[in-house]
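> For reference, this is model_14.txt, and it has compact mmCIF, C-alpha atoms.
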# COMPACT_ATOMS: atom_id res chain seq x y z
CA MET C 29 0.00 0.00 0.00
CA ASP C 30 2.59 2.48 1.18
CA LYS C 31 4.67 1.70 -1.78
CA CYS C 32 1.78 2.29 -4.16
CA ASN C 33 0.81 5.58 -2.46
CA GLY C 34 4.35 6.71 -2.81
CA CYS C 35 4.52 5.95 -6.48
CA GLY C 36 1.12 7.62 -7.04
CA PHE C 37 2.46 10.78 -5.44
CA SER C 38 5.67 10.71 -7.40
CA ASN C 39 3.62 10.22 -10.56
CA VAL C 40 1.56 13.31 -9.84
CA ALA C 41 4.69 15.23 -8.96
CA SER C 42 6.50 14.22 -12.10
CA ILE C 43 3.47 15.11 -14.22
CA ALA C 44 3.36 18.51 -12.50
CA VAL C 45 7.06 19.08 -13.07
CA PHE C 46 6.78 17.89 -16.64
CA SER C 47 3.82 20.08 -17.51
CA SER C 48 5.29 23.16 -15.87
CA ALA C 49 8.51 22.53 -17.77
CA ILE C 50 6.50 22.39 -20.99
CA PHE C 51 4.73 25.57 -19.96
CA VAL C 52 8.02 27.40 -19.32
CA VAL C 53 9.58 26.12 -22.53
CA SER C 54 6.58 27.15 -24.60
CA LEU C 55 6.59 30.55 -22.89
CA ILE C 56 10.23 31.00 -23.88
CA LEU C 57 9.44 29.79 -27.39
CA VAL C 58 6.57 32.23 -27.77
CA ARG C 59 8.80 35.03 -26.53
CA LEU C 60 11.57 33.88 -28.88
CA LEU C 61 9.21 33.89 -31.86
CA TYR C 62 7.87 37.29 -30.82
CA VAL C 63 11.41 38.71 -30.60
CA ILE C 64 12.46 37.18 -33.92
CA TYR C 65 9.26 38.40 -35.60
CA HIS C 66 9.63 41.94 -34.29
CA SER C 67 13.38 42.14 -34.69
CA ARG C 68 13.31 42.39 -38.44
CA ARG C 69 10.49 44.93 -38.55
CA PRO C 70 11.07 48.65 -38.35
CA LEU C 71 10.35 50.21 -34.98
CA SER C 72 6.71 51.28 -35.02
CA LYS C 73 7.07 54.55 -33.18
CA ARG C 74 8.70 57.57 -34.69
CA ALA C 75 12.09 58.11 -33.10
CA SER C 76 12.38 61.54 -31.60
CA LYS C 77 15.11 61.14 -29.02
CA PRO C 78 18.74 60.29 -29.77
CA VAL C 79 19.63 56.61 -29.43
CA SER C 80 22.60 55.28 -27.49
CA THR C 81 24.76 53.46 -29.98
CA LEU C 82 27.32 50.71 -29.59
CA ILE C 83 29.88 50.57 -32.38
CA ILE C 84 31.96 47.40 -32.59
CA LEU C 85 35.25 47.94 -34.37
CA GLY C 86 37.45 45.39 -36.07
CA SER C 87 40.92 45.65 -37.46
CA GLY C 88 42.12 47.43 -40.60
CA GLY C 89 39.57 47.44 -43.39
CA HIS C 90 36.62 46.86 -41.04
CA THR C 91 37.28 50.06 -39.11
CA ALA C 92 37.69 52.09 -42.30
CA GLU C 93 34.29 50.87 -43.52
CA MET C 94 32.65 51.60 -40.17
CA LEU C 95 34.04 55.15 -40.07
CA ASN C 96 32.71 55.70 -43.62
CA LEU C 97 29.25 54.75 -42.35
CA LEU C 98 29.53 56.90 -39.22
CA ALA C 99 30.56 59.86 -41.35
CA VAL C 100 27.12 59.93 -43.00
CA LEU C 101 25.00 59.16 -39.91
CA ARG C 102 23.66 62.15 -37.99
CA LYS C 103 25.68 62.40 -34.84
CA ASP C 104 22.90 64.16 -32.90
CA ARG C 105 20.69 61.10 -33.45
CA PHE C 106 23.25 58.41 -32.66
CA ASN C 107 24.35 59.72 -29.33
CA PRO C 108 26.08 58.83 -27.03
CA ARG C 109 28.42 56.52 -28.94
CA PHE C 110 30.27 53.63 -27.32
CA TYR C 111 33.19 52.20 -29.25
CA ILE C 112 34.41 48.68 -28.50
CA ALA C 113 37.49 47.01 -29.98
CA ALA C 114 39.51 43.92 -29.10
CA ALA C 115 42.04 44.48 -26.30
CA THR C 116 44.88 43.57 -28.64
CA ASP C 117 43.79 46.07 -31.29
CA ASN C 118 45.14 49.56 -30.54
CA MET C 119 44.79 51.00 -34.02
CA SER C 120 41.00 50.86 -34.29
CA LEU C 121 40.18 52.79 -31.12
CA GLU C 122 42.87 55.29 -32.06
CA LYS C 123 41.18 55.88 -35.42
CA ALA C 124 37.77 56.19 -33.76
CA GLN C 125 39.25 58.66 -31.29
CA LEU C 126 40.65 60.77 -34.14
CA PHE C 127 37.23 60.69 -35.80
CA GLU C 128 35.48 61.80 -32.59
CA ASN C 129 38.12 64.49 -31.95
CA SER C 130 37.52 66.03 -35.35
CA LEU C 131 33.76 65.94 -34.75
CA ALA C 132 34.23 67.62 -31.38
CA THR C 133 36.34 70.45 -32.77
CA GLU C 134 33.82 70.89 -35.60
CA ASN C 135 30.91 71.26 -33.19
CA ALA C 136 32.85 72.85 -30.34
CA THR C 137 31.90 70.07 -27.94
CA ARG C 138 33.88 67.73 -25.75
CA VAL C 139 34.50 64.14 -26.84
CA THR C 140 33.84 62.89 -23.30
CA ASP C 141 30.23 64.10 -23.54
CA THR C 142 29.38 62.15 -26.67
CA ALA C 143 31.71 59.17 -26.98
CA GLN C 144 33.35 56.47 -24.88
CA PHE C 145 36.03 54.01 -25.89
CA MET C 146 36.31 50.52 -24.45
CA LYS C 147 38.31 47.37 -24.98
CA ILE C 148 37.01 43.84 -24.83
CA TYR C 149 38.95 40.65 -24.09
CA ARG C 150 39.11 38.28 -26.99
CA SER C 151 37.99 34.73 -26.43
CA ARG C 152 40.88 33.29 -28.37
CA GLU C 153 44.06 34.72 -29.80
CA VAL C 154 45.56 33.33 -32.99
CA GLY C 155 47.57 30.24 -32.12
CA GLN C 156 46.27 29.91 -28.56
CA SER C 157 45.77 26.33 -27.30
CA TYR C 158 42.23 25.00 -26.99
CA ILE C 159 42.62 24.07 -23.30
CA THR C 160 43.46 27.61 -22.20
CA SER C 161 40.92 29.05 -24.59
CA ILE C 162 38.07 27.48 -22.54
CA TRP C 163 39.15 29.67 -19.65
CA THR C 164 39.72 32.78 -21.78
CA THR C 165 36.38 32.32 -23.53
CA LEU C 166 34.68 32.28 -20.14
CA ILE C 167 36.45 35.47 -19.09
CA ALA C 168 35.59 37.09 -22.42
CA MET C 169 31.91 36.18 -22.01
CA VAL C 170 31.74 37.63 -18.49
CA HIS C 171 33.51 40.75 -19.68
CA ALA C 172 31.12 41.11 -22.63
CA LEU C 173 28.16 40.70 -20.27
CA TRP C 174 29.55 43.32 -17.91
CA LEU C 175 30.05 45.80 -20.79
CA MET C 176 26.56 45.17 -22.14
CA ILE C 177 24.96 45.66 -18.70
CA LYS C 178 26.83 48.96 -18.42
CA ILE C 179 25.99 50.22 -21.92
CA ARG C 180 22.57 48.70 -22.68
CA PRO C 181 22.64 50.23 -26.18
CA GLU C 182 19.51 50.94 -28.20
CA VAL C 183 21.42 50.49 -31.44
CA ILE C 184 24.34 48.19 -32.26
CA LEU C 185 26.43 48.76 -35.38
CA CYS C 186 28.89 46.05 -36.32
CA ASN C 187 30.63 44.91 -39.45
CA GLY C 188 32.57 41.75 -39.10
CA PRO C 189 35.03 41.06 -36.34
CA GLY C 190 34.39 38.01 -34.17
CA THR C 191 34.14 40.23 -31.11
CA CYS C 192 30.66 41.26 -32.23
CA ILE C 193 29.22 37.76 -31.74
CA PRO C 194 29.20 37.56 -27.90
CA LEU C 195 27.99 41.16 -27.70
CA CYS C 196 25.16 40.58 -30.19
CA ALA C 197 24.22 37.29 -28.50
CA ILE C 198 23.94 39.06 -25.16
CA ALA C 199 21.91 41.84 -26.77
CA PHE C 200 19.59 39.19 -28.18
CA ILE C 201 19.19 37.58 -24.73
CA PHE C 202 18.46 41.03 -23.27
CA LYS C 203 15.70 41.33 -25.88
CA LEU C 204 14.29 37.93 -24.89
CA LEU C 205 14.30 38.82 -21.21
CA GLY C 206 12.85 42.25 -21.87
CA ILE C 207 15.87 44.01 -20.33
CA ARG C 208 16.62 46.16 -23.36
CA TRP C 209 15.42 46.23 -26.95
CA SER C 210 18.44 46.94 -29.16
CA SER C 211 18.28 47.15 -32.91
CA ILE C 212 21.25 45.26 -34.35
CA PHE C 213 22.62 46.38 -37.71
CA TYR C 214 25.31 44.31 -39.32
CA VAL C 215 27.16 45.49 -42.43
CA GLU C 216 29.06 42.67 -44.09
CA SER C 217 32.56 43.72 -45.13
CA ILE C 218 33.19 44.71 -48.74
CA ALA C 219 35.80 41.93 -48.81
CA ARG C 220 32.95 39.40 -48.76
CA VAL C 221 31.81 39.05 -52.34
CA ARG C 222 30.59 35.46 -52.60
CA ARG C 223 30.07 34.21 -49.05
CA LEU C 224 29.20 35.76 -45.70
CA SER C 225 31.89 35.84 -43.01
CA LEU C 226 31.45 33.54 -40.02
CA SER C 227 30.10 36.45 -37.93
CA GLY C 228 27.68 37.41 -40.70
CA LEU C 229 26.56 33.84 -41.18
CA LEU C 230 25.90 33.33 -37.45
CA LEU C 231 23.86 36.53 -37.19
CA TYR C 232 21.96 35.59 -40.35
CA LYS C 233 21.23 31.96 -39.46
CA PHE C 234 20.23 32.70 -35.86
CA ARG C 235 18.31 35.78 -36.96
CA MET C 236 20.09 37.93 -34.42
CA ALA C 237 20.57 40.95 -36.67
CA ASP C 238 17.59 43.21 -37.32
CA GLN C 239 19.11 44.20 -40.61
CA LEU C 240 22.02 42.56 -42.36
CA PHE C 241 23.49 44.64 -45.15
CA VAL C 242 25.69 43.32 -47.94
CA GLN C 243 27.77 45.31 -50.41
CA TRP C 244 27.56 42.99 -53.42
CA GLN C 245 24.44 42.02 -55.35
CA GLN C 246 25.53 38.38 -55.84
CA LEU C 247 25.79 38.01 -52.06
CA GLN C 248 22.23 39.27 -51.59
CA ARG C 249 20.99 36.69 -54.09
CA GLN C 250 22.52 33.95 -51.93
CA TYR C 251 21.14 35.30 -48.67
CA PRO C 252 17.68 36.65 -49.52
CA ARG C 253 17.00 38.09 -46.06
CA ALA C 254 20.02 40.39 -46.45
CA THR C 255 19.69 43.92 -47.83
CA TYR C 256 21.90 45.06 -50.68
CA VAL C 257 23.22 48.58 -50.14
CA GLY C 258 26.08 48.98 -52.62
CA ARG C 259 29.72 49.61 -51.84
CA LEU C 260 30.80 51.59 -48.79
CA MET C 261 34.41 51.96 -49.90
CA MET R 1442 51.71 51.91 -72.06
CA GLY R 1443 53.46 54.90 -73.58
CA ASN R 1444 56.67 54.55 -71.59
CA ASP R 1445 58.83 54.72 -74.65
CA GLU R 1446 59.32 58.45 -74.53
CA VAL R 1447 60.12 58.50 -70.80
CA SER R 1448 63.60 59.89 -70.24
CA ASP R 1449 66.20 57.86 -68.39
CA LYS R 1450 66.33 60.32 -65.53
CA GLU R 1451 62.63 60.09 -64.69
CA LYS R 1452 61.95 58.05 -61.59
CA ARG R 1453 59.25 55.42 -61.94
CA VAL R 1454 58.71 53.65 -58.64
CA VAL R 1455 57.09 50.29 -58.08
CA PHE R 1456 55.83 50.15 -54.50
CA VAL R 1457 55.25 46.72 -52.97
CA THR R 1458 53.22 46.51 -49.75
CA VAL R 1459 52.24 43.56 -47.56
CA GLY R 1460 50.57 45.65 -44.83
CA THR R 1461 50.91 44.16 -41.36
CA THR R 1462 51.04 40.62 -42.70
CA CYS R 1463 53.89 38.21 -43.26
CA PHE R 1464 54.05 37.48 -46.98
CA ASP R 1465 57.56 36.24 -47.78
CA ALA R 1466 56.38 34.55 -50.98
CA LEU R 1467 55.55 37.96 -52.47
CA VAL R 1468 58.75 39.67 -51.23
CA ARG R 1469 60.81 36.78 -52.57
CA ALA R 1470 58.96 36.92 -55.90
CA VAL R 1471 59.51 40.66 -56.49
CA ASP R 1472 63.13 40.27 -55.40
CA SER R 1473 63.72 37.60 -58.05
CA ASN R 1474 65.75 38.55 -61.12
CA ILE R 1475 63.04 37.51 -63.53
CA ILE R 1476 60.49 39.93 -62.03
CA LYS R 1477 63.00 42.74 -61.58
CA GLN R 1478 63.89 42.36 -65.25
CA ALA R 1479 60.21 42.34 -66.25
CA LEU R 1480 59.62 45.57 -64.31
CA PHE R 1481 62.74 47.21 -65.73
CA ALA R 1482 61.66 46.21 -69.23
CA LYS R 1483 58.33 47.97 -68.58
CA GLY R 1484 60.19 51.20 -67.85
CA TYR R 1485 60.21 51.19 -64.04
CA THR R 1486 63.37 52.41 -62.38
CA HIS R 1487 62.90 51.84 -58.64
CA LEU R 1488 61.49 49.05 -56.52
CA LEU R 1489 60.49 49.89 -52.94
CA ILE R 1490 59.33 47.01 -50.75
CA GLN R 1491 57.36 47.32 -47.51
CA MET R 1492 58.03 43.83 -46.17
CA GLY R 1493 55.97 43.79 -42.95
CA ARG R 1494 56.54 40.91 -40.57
CA GLY R 1495 58.26 38.71 -43.11
CA SER R 1496 61.71 37.24 -42.51
CA TYR R 1497 62.98 37.20 -46.10
CA ILE R 1498 65.29 40.20 -46.61
CA PRO R 1499 65.47 41.46 -50.20
CA SER R 1500 68.83 42.49 -51.64
CA LYS R 1501 69.32 46.26 -51.86
CA SER R 1502 70.62 47.64 -55.11
CA GLU R 1503 71.65 51.06 -56.38
CA GLY R 1504 70.38 50.46 -59.87
CA ASN R 1505 72.89 51.43 -62.59
CA GLY R 1506 71.45 49.79 -65.66
CA SER R 1507 68.96 47.76 -63.66
CA LEU R 1508 66.17 48.28 -61.13
CA ALA R 1509 67.15 50.12 -57.91
CA VAL R 1510 65.86 48.18 -54.91
CA ASP R 1511 65.15 49.36 -51.37
CA TYR R 1512 62.99 48.06 -48.53
CA PHE R 1513 61.60 48.82 -45.06
CA THR R 1514 59.42 46.92 -42.58
CA PHE R 1515 56.63 49.26 -41.49
CA SER R 1516 55.53 52.85 -41.81
CA SER R 1517 52.72 54.58 -39.90
CA SER R 1518 51.40 55.90 -43.16
CA ILE R 1519 52.02 54.24 -46.49
CA ALA R 1520 50.04 57.00 -48.26
CA VAL R 1521 53.25 58.90 -49.07
CA TYR R 1522 54.74 55.85 -50.77
CA LEU R 1523 51.52 55.07 -52.61
CA ARG R 1524 51.36 58.62 -53.95
CA SER R 1525 54.92 58.56 -55.26
CA ALA R 1526 54.44 55.19 -56.96
CA SER R 1527 53.78 54.57 -60.65
CA LEU R 1528 52.71 51.00 -59.97
CA VAL R 1529 51.58 49.36 -56.73
CA ILE R 1530 51.90 45.65 -56.01
CA SER R 1531 49.90 44.85 -52.89
CA HIS R 1532 48.71 42.01 -50.70
CA ALA R 1533 44.95 41.40 -50.87
CA GLY R 1534 43.95 43.34 -47.73
CA SER R 1535 40.95 45.58 -48.44
CA GLY R 1536 42.61 48.55 -46.71
CA SER R 1537 45.59 48.61 -49.08
CA ILE R 1538 43.42 47.87 -52.11
CA PHE R 1539 41.01 50.75 -51.62
CA GLU R 1540 43.69 53.20 -50.51
CA THR R 1541 45.55 52.51 -53.76
CA LEU R 1542 42.44 52.62 -55.96
CA ARG R 1543 41.33 55.93 -54.43
CA LEU R 1544 44.70 57.40 -55.43
CA ALA R 1545 44.03 56.09 -58.95
CA LYS R 1546 47.29 54.15 -59.04
CA PRO R 1547 47.69 51.08 -61.26
CA LEU R 1548 47.51 48.07 -58.97
CA ILE R 1549 48.42 44.40 -59.04
CA VAL R 1550 46.99 42.48 -56.10
CA VAL R 1551 48.89 39.33 -55.16
CA VAL R 1552 46.83 36.80 -53.24
CA ASN R 1553 48.55 34.97 -50.39
CA GLU R 1554 47.71 31.35 -51.04
CA ASP R 1555 49.21 30.25 -47.72
CA LEU R 1556 46.46 31.90 -45.70
CA MET R 1557 44.06 29.44 -44.06
CA ASP R 1558 40.89 31.42 -44.58
CA ASN R 1559 41.50 32.75 -48.02
CA HIS R 1560 38.38 34.84 -48.49
CA GLN R 1561 40.57 37.79 -49.49
CA SER R 1562 40.91 36.52 -53.05
CA GLU R 1563 37.13 37.11 -53.48
CA LEU R 1564 37.52 40.87 -53.43
CA ALA R 1565 40.64 40.97 -55.60
CA GLU R 1566 39.05 38.67 -58.21
CA GLU R 1567 35.81 40.65 -58.28
CA LEU R 1568 37.69 43.94 -58.76
CA ALA R 1569 39.89 42.30 -61.40
CA ASP R 1570 36.75 41.12 -63.26
CA ARG R 1571 35.60 44.73 -63.23
CA LYS R 1572 39.00 45.74 -64.59
CA HIS R 1573 39.96 48.02 -61.69
CA LEU R 1574 43.16 46.08 -61.01
CA TYR R 1575 45.16 42.99 -61.91
CA CYS R 1576 45.06 39.93 -59.70
CA ALA R 1577 47.96 37.46 -59.50
CA SER R 1578 49.65 34.89 -57.30
CA PRO R 1579 53.39 34.96 -56.50
CA GLN R 1580 53.83 32.32 -59.25
CA THR R 1581 51.94 34.22 -61.95
CA LEU R 1582 53.17 37.72 -61.06
CA GLN R 1583 55.88 37.73 -63.72
CA GLN R 1584 53.42 36.91 -66.55
CA THR R 1585 50.97 39.48 -65.21
CA ILE R 1586 53.64 42.19 -65.30
CA ALA R 1587 54.84 41.18 -68.74
CA HIS R 1588 51.36 41.14 -70.29
CA MET R 1589 49.59 43.93 -68.41
CA ASP R 1590 48.13 46.86 -70.30
CA LEU R 1591 47.51 49.61 -67.76
CA SER R 1592 45.49 51.69 -70.19
CA SER R 1593 42.81 48.96 -70.18
CA LEU R 1594 42.10 49.47 -66.45
CA PHE R 1595 39.01 51.45 -65.44
CA PRO R 1596 39.25 54.07 -62.69
CA TYR R 1597 37.47 53.10 -59.48
CA SER R 1598 34.67 55.35 -58.28
CA PRO R 1599 34.50 55.33 -54.48
CA GLY R 1600 31.42 53.84 -52.81
CA ASP R 1601 28.80 55.66 -50.82
CA ALA R 1602 27.50 54.89 -47.32
CA THR R 1603 24.32 56.97 -47.56
CA PRO R 1604 22.07 54.04 -48.67
CA VAL R 1605 22.98 52.15 -45.48
CA ALA R 1606 22.39 55.26 -43.39
CA LYS R 1607 18.97 55.71 -45.04
CA HIS R 1608 17.97 52.13 -44.21
CA ILE R 1609 19.09 52.49 -40.60
CA ASN R 1610 17.32 55.83 -40.18
CA SER R 1611 14.02 54.63 -41.60
CA PHE R 1612 14.21 51.40 -39.58
CA LEU R 1613 14.60 53.38 -36.37
CA GLY R 1614 11.84 55.80 -37.37
CA PHE R 1615 14.02 58.85 -37.90
CA PRO R 1616 12.59 61.22 -40.52
CA ASP R 1617 14.43 61.57 -43.81
CA ASP R 1618 16.83 64.50 -44.00
What would you get if you wrote out this structure as structure tokens?


Amino acid sequence: MDKCNGCGFSNVASIAVFSSAIFVVSLILVRLLYVIYHSRRPLSKRASKPVSTLIILGSGGHTAEMLNLLAVLRKDRFNPRFYIAAATDNMSLEKAQLFENSLATENATRVTDTAQFMKIYRSREVGQSYITSIWTTLIAMVHALWLMIKIRPEVILCNGPGTCIPLCAIAFIFKLLGIRWSSIFYVESIARVRRLSLSGLLLYKFRMADQLFVQWQQLQRQYPRATYVGRLM
Amino acid sequence: MGNDEVSDKEKRVVFVTVGTTCFDALVRAVDSNIIKQALFAKGYTHLLIQMGRGSYIPSKSEGNGSLAVDYFTFSSSIAVYLRSASLVISHAGSGSIFETLRLAKPLIVVVNEDLMDNHQSELAEELADRKHLYCASPQTLQQTIAHMDLSSLFPYSPGDATPVAKHINSFLGFPDD
């Protein structure tokens, strides 16, 4: 008898656990579908206030392309601006700083009021062993999370480097949890003519980017959800 | 080409750049006699090599009836060298490519076939198809130099970021300017 009672109770309990698990999972799924559905649609309300903007810089050519884009965006709308580059990349932040300095002298403002520059740990350096890269990836993820909690950007602009993946993934999770709705814009590098880069492909496949721009028509034909915008360089 | 009437005293520099990469195969190729002779035959007088992180050291030469050769590792700005060049031979990095094209300099891009992720050849090949530059490998560079006709290249018109900006603005609900 006792034995049977016990198993009856555990049955009920397991059914309860099971159904609540299904409930939670479907709740997450519904939220996920809602976020994915709304992510690719233009924001419904007219923007009137400036939007805080996170700009993720990569090395060499990537930074040149990003600065070309920033040059034509209205700086009073995309304000304040947070620049992030890999900790090992000194050149990119330097170039962004030069860009912001020239803007500041043009408008007689101070750079510190409109822009901030930050570095992010990379999960793996070229040639690093896989064992140690487990540890460094963990550190990089925590660091990315910390930066994203601090910034909570409304707009993310990125164009290629691997550093944008953890940041965009965290932004996407923030969207799911309702912490912050950021619009993610990804501009694939002009160097990508026939295939998306790994970063571009991840953002495309997992539908993390609100808009994914490509600079070559043949690339758009391969990835129909991308938007062709012509050459930036 | 129209080099025939160029006087002996006129300096015609070929500038070779590998950016921040290590591309010994290219440095070794341009330092070979066969390529130096091909360049000299085309009317170039000087060869300046930016060799980056490579370990192969080219042999300097004063010229005197052949190509004068000089090299350095890095420079904070290669724009000065690009401007003074009559021909640029570059690695396939997009930074070097567009900097050279914007200065309207004839360009041969040499693709580094040793790179693991060789997506860089995509851009060079596309721009070569559009006749903005020549694309070669270290092995084919000599033929490319010998057979190139710089007058058949089309000038490159720089791109424009305003379409992207328009998309972003309208997505976020900012009114058009």

> Just need the residues of chain C within 8 Å of chain R, counting only C-alpha atoms, so spit them out as JSON, numbers by chain.

{"C": [69, 70, 71, 72, 73, 74, 75, 76, 88, 89, 92, 96, 97, 100, 101, 213, 218, 219, 220, 221, 222, 241, 257, 258, 259, 260, 261]}

> Smallest atom-to-atom distance to R:Ser1496: which of R:Ala1569, R:Val1468, R:Ile1476, R:Leu1591, using only C-alpha atoms?

R:Val1468

> What does the structure give for the distance between atom CA of C:Leu95 and atom CA of R:Leu1548, in Å to one decimal?

24.3 Å

> What does the distance from atom CA of C:Val79 to atom CA of C:Gly206 come to in Å, to one decimal?

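Separation between atom CA of C:Val79 and atom CA of C:Gly206: 17.6 Å.
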
> What lies within 8 Å of C:Met176 using only C-alpha atoms, ignoring chain neighbours under 3 positions off, as an mmCIF file with C-alpha atoms, in the coordinates of the input?


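Listing of around.cif after writing:
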data_model
loop_
_atom_site.group_PDB
_atom_site.id
_atom_site.type_symbol
_atom_site.label_atom_id
_atom_site.label_comp_id
_atom_site.auth_asym_id
_atom_site.auth_seq_id
_atom_site.Cartn_x
_atom_site.Cartn_y
_atom_site.Cartn_z
ATOM 1 C CA ALA C 172 31.120 41.110 -22.630
ATOM 2 C CA LEU C 173 28.160 40.700 -20.270
ATOM 3 C CA ILE C 179 25.990 50.220 -21.920
ATOM 4 C CA ARG C 180 22.570 48.700 -22.680
ATOM 5 C CA PRO C 181 22.640 50.230 -26.180
ATOM 6 C CA LEU C 195 27.990 41.160 -27.700
ATOM 7 C CA ILE C 198 23.940 39.060 -25.160
ATOM 8 C CA ALA C 199 21.910 41.840 -26.770
#

> Looking at C:Ile167, C:Leu224, C:Ile50, C:Ile201, which one is nearest to C:Trp244, with distances taken over all atoms listed in the file?

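Once distances to C:Trp244 are computed over all atoms listed in the file, the minimum belongs to C:Leu224.
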
> Hey, can you check how far atom CA of R:Ile1549 sits from atom CA of C:Gln246?

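About the pair atom CA of R:Ile1549 and atom CA of C:Gln246: they are 23.9 Å apart.
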
> Env of C:Thr81: 10 Å cut, atoms = only C-alpha atoms, seq-sep filter 3 positions within chain, self excluded. Answer as number ranges by chain.

C: 78, 84, 105-111, 143, 179-185, 210-212

> Between C:Arg223, C:Arg235, C:Lys178, C:Arg150, which is the closest to C:Pro194 once you count all atoms listed in the file?

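Under the stated criterion, the closest residue is C:Arg150.
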
> Any chance you could work out the axis-aligned box around stretch 1469-1482 of chain R, listed atoms only, 4 Å on each side, giving centre and edge lengths in Å to one decimal, as JSON?


{"center_x": 62.4, "center_y": 42.0, "center_z": -60.9, "size_x": 14.8, "size_y": 18.4, "size_z": 24.7}

> Can you pull out every residue within 12 Å of R:Glu1503, counting all atoms listed in the file, but drop anything in the same chain fewer than 3 positions away, and send it as a PyMOL selection string?

chain R and resi 1486-1489+1500+1506-1511

> List the neighbours of R:Leu1544 out to 12 Å using only C-alpha atoms; skip same-chain residues closer than 5 positions along the sequence, and give me the result as a ChimeraX atom specification.

/R:1519-1529,1537-1539,1596-1599

> Give me the residues near R:Glu1554 as a PyMOL selection string, where near means some atom within 10 Å (using all atoms listed in the file) and where sequence neighbours in that chain fewer than 5 positions away do not count.

chain R and resi 1464+1466+1559+1561-1562+1578-1579

> Using all atoms listed in the file, which residue out of C:Ile56, C:Val63, C:Ile112, C:Ala168 lies closest to C:Asp238?

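Smallest separation from C:Asp238 among the options: C:Val63.
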
> Please write a file for stretch 228-258 of chain C, taken from the block I just shared, that holds C-alpha atoms and is laid out as a PDB file, in the first residue's frame.


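Saved to decode.pdb:
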ATOM      1  CA  GLY C 228      27.678  37.415 -40.695  1.00  0.00           C
ATOM      2  CA  LEU C 229      26.557  33.838 -41.182  1.00  0.00           C
ATOM      3  CA  LEU C 230      25.899  33.327 -37.447  1.00  0.00           C
ATOM      4  CA  LEU C 231      23.862  36.531 -37.186  1.00  0.00           C
ATOM      5  CA  TYR C 232      21.962  35.592 -40.354  1.00  0.00           C
ATOM      6  CA  LYS C 233      21.230  31.962 -39.456  1.00  0.00           C
ATOM      7  CA  PHE C 234      20.227  32.695 -35.860  1.00  0.00           C
ATOM      8  CA  ARG C 235      18.311  35.782 -36.962  1.00  0.00           C
ATOM      9  CA  MET C 236      20.088  37.934 -34.421  1.00  0.00           C
ATOM     10  CA  ALA C 237      20.572  40.955 -36.670  1.00  0.00           C
ATOM     11  CA  ASP C 238      17.589  43.215 -37.317  1.00  0.00           C
ATOM     12  CA  GLN C 239      19.110  44.202 -40.606  1.00  0.00           C
ATOM     13  CA  LEU C 240      22.017  42.555 -42.359  1.00  0.00           C
ATOM     14  CA  PHE C 241      23.493  44.642 -45.146  1.00  0.00           C
ATOM     15  CA  VAL C 242      25.693  43.319 -47.944  1.00  0.00           C
ATOM     16  CA  GLN C 243      27.771  45.309 -50.414  1.00  0.00           C
ATOM     17  CA  TRP C 244      27.562  42.987 -53.420  1.00  0.00           C
ATOM     18  CA  GLN C 245      24.445  42.017 -55.349  1.00  0.00           C
ATOM     19  CA  GLN C 246      25.533  38.383 -55.844  1.00  0.00           C
ATOM     20  CA  LEU C 247      25.786  38.005 -52.058  1.00  0.00           C
ATOM     21  CA  GLN C 248      22.234  39.271 -51.588  1.00  0.00           C
ATOM     22  CA  ARG C 249      20.989  36.693 -54.088  1.00  0.00           C
ATOM     23  CA  GLN C 250      22.519  33.953 -51.926  1.00  0.00           C
ATOM     24  CA  TYR C 251      21.138  35.301 -48.673  1.00  0.00           C
ATOM     25  CA  PRO C 252      17.679  36.650 -49.517  1.00  0.00           C
ATOM     26  CA  ARG C 253      16.997  38.092 -46.056  1.00  0.00           C
ATOM     27  CA  ALA C 254      20.016  40.394 -46.450  1.00  0.00           C
ATOM     28  CA  THR C 255      19.690  43.916 -47.827  1.00  0.00           C
ATOM     29  CA  TYR C 256      21.896  45.061 -50.685  1.00  0.00           C
ATOM     30  CA  VAL C 257      23.225  48.579 -50.138  1.00  0.00           C
ATOM     31  CA  GLY C 258      26.078  48.985 -52.619  1.00  0.00           C
TER      32      GLY C 258
END
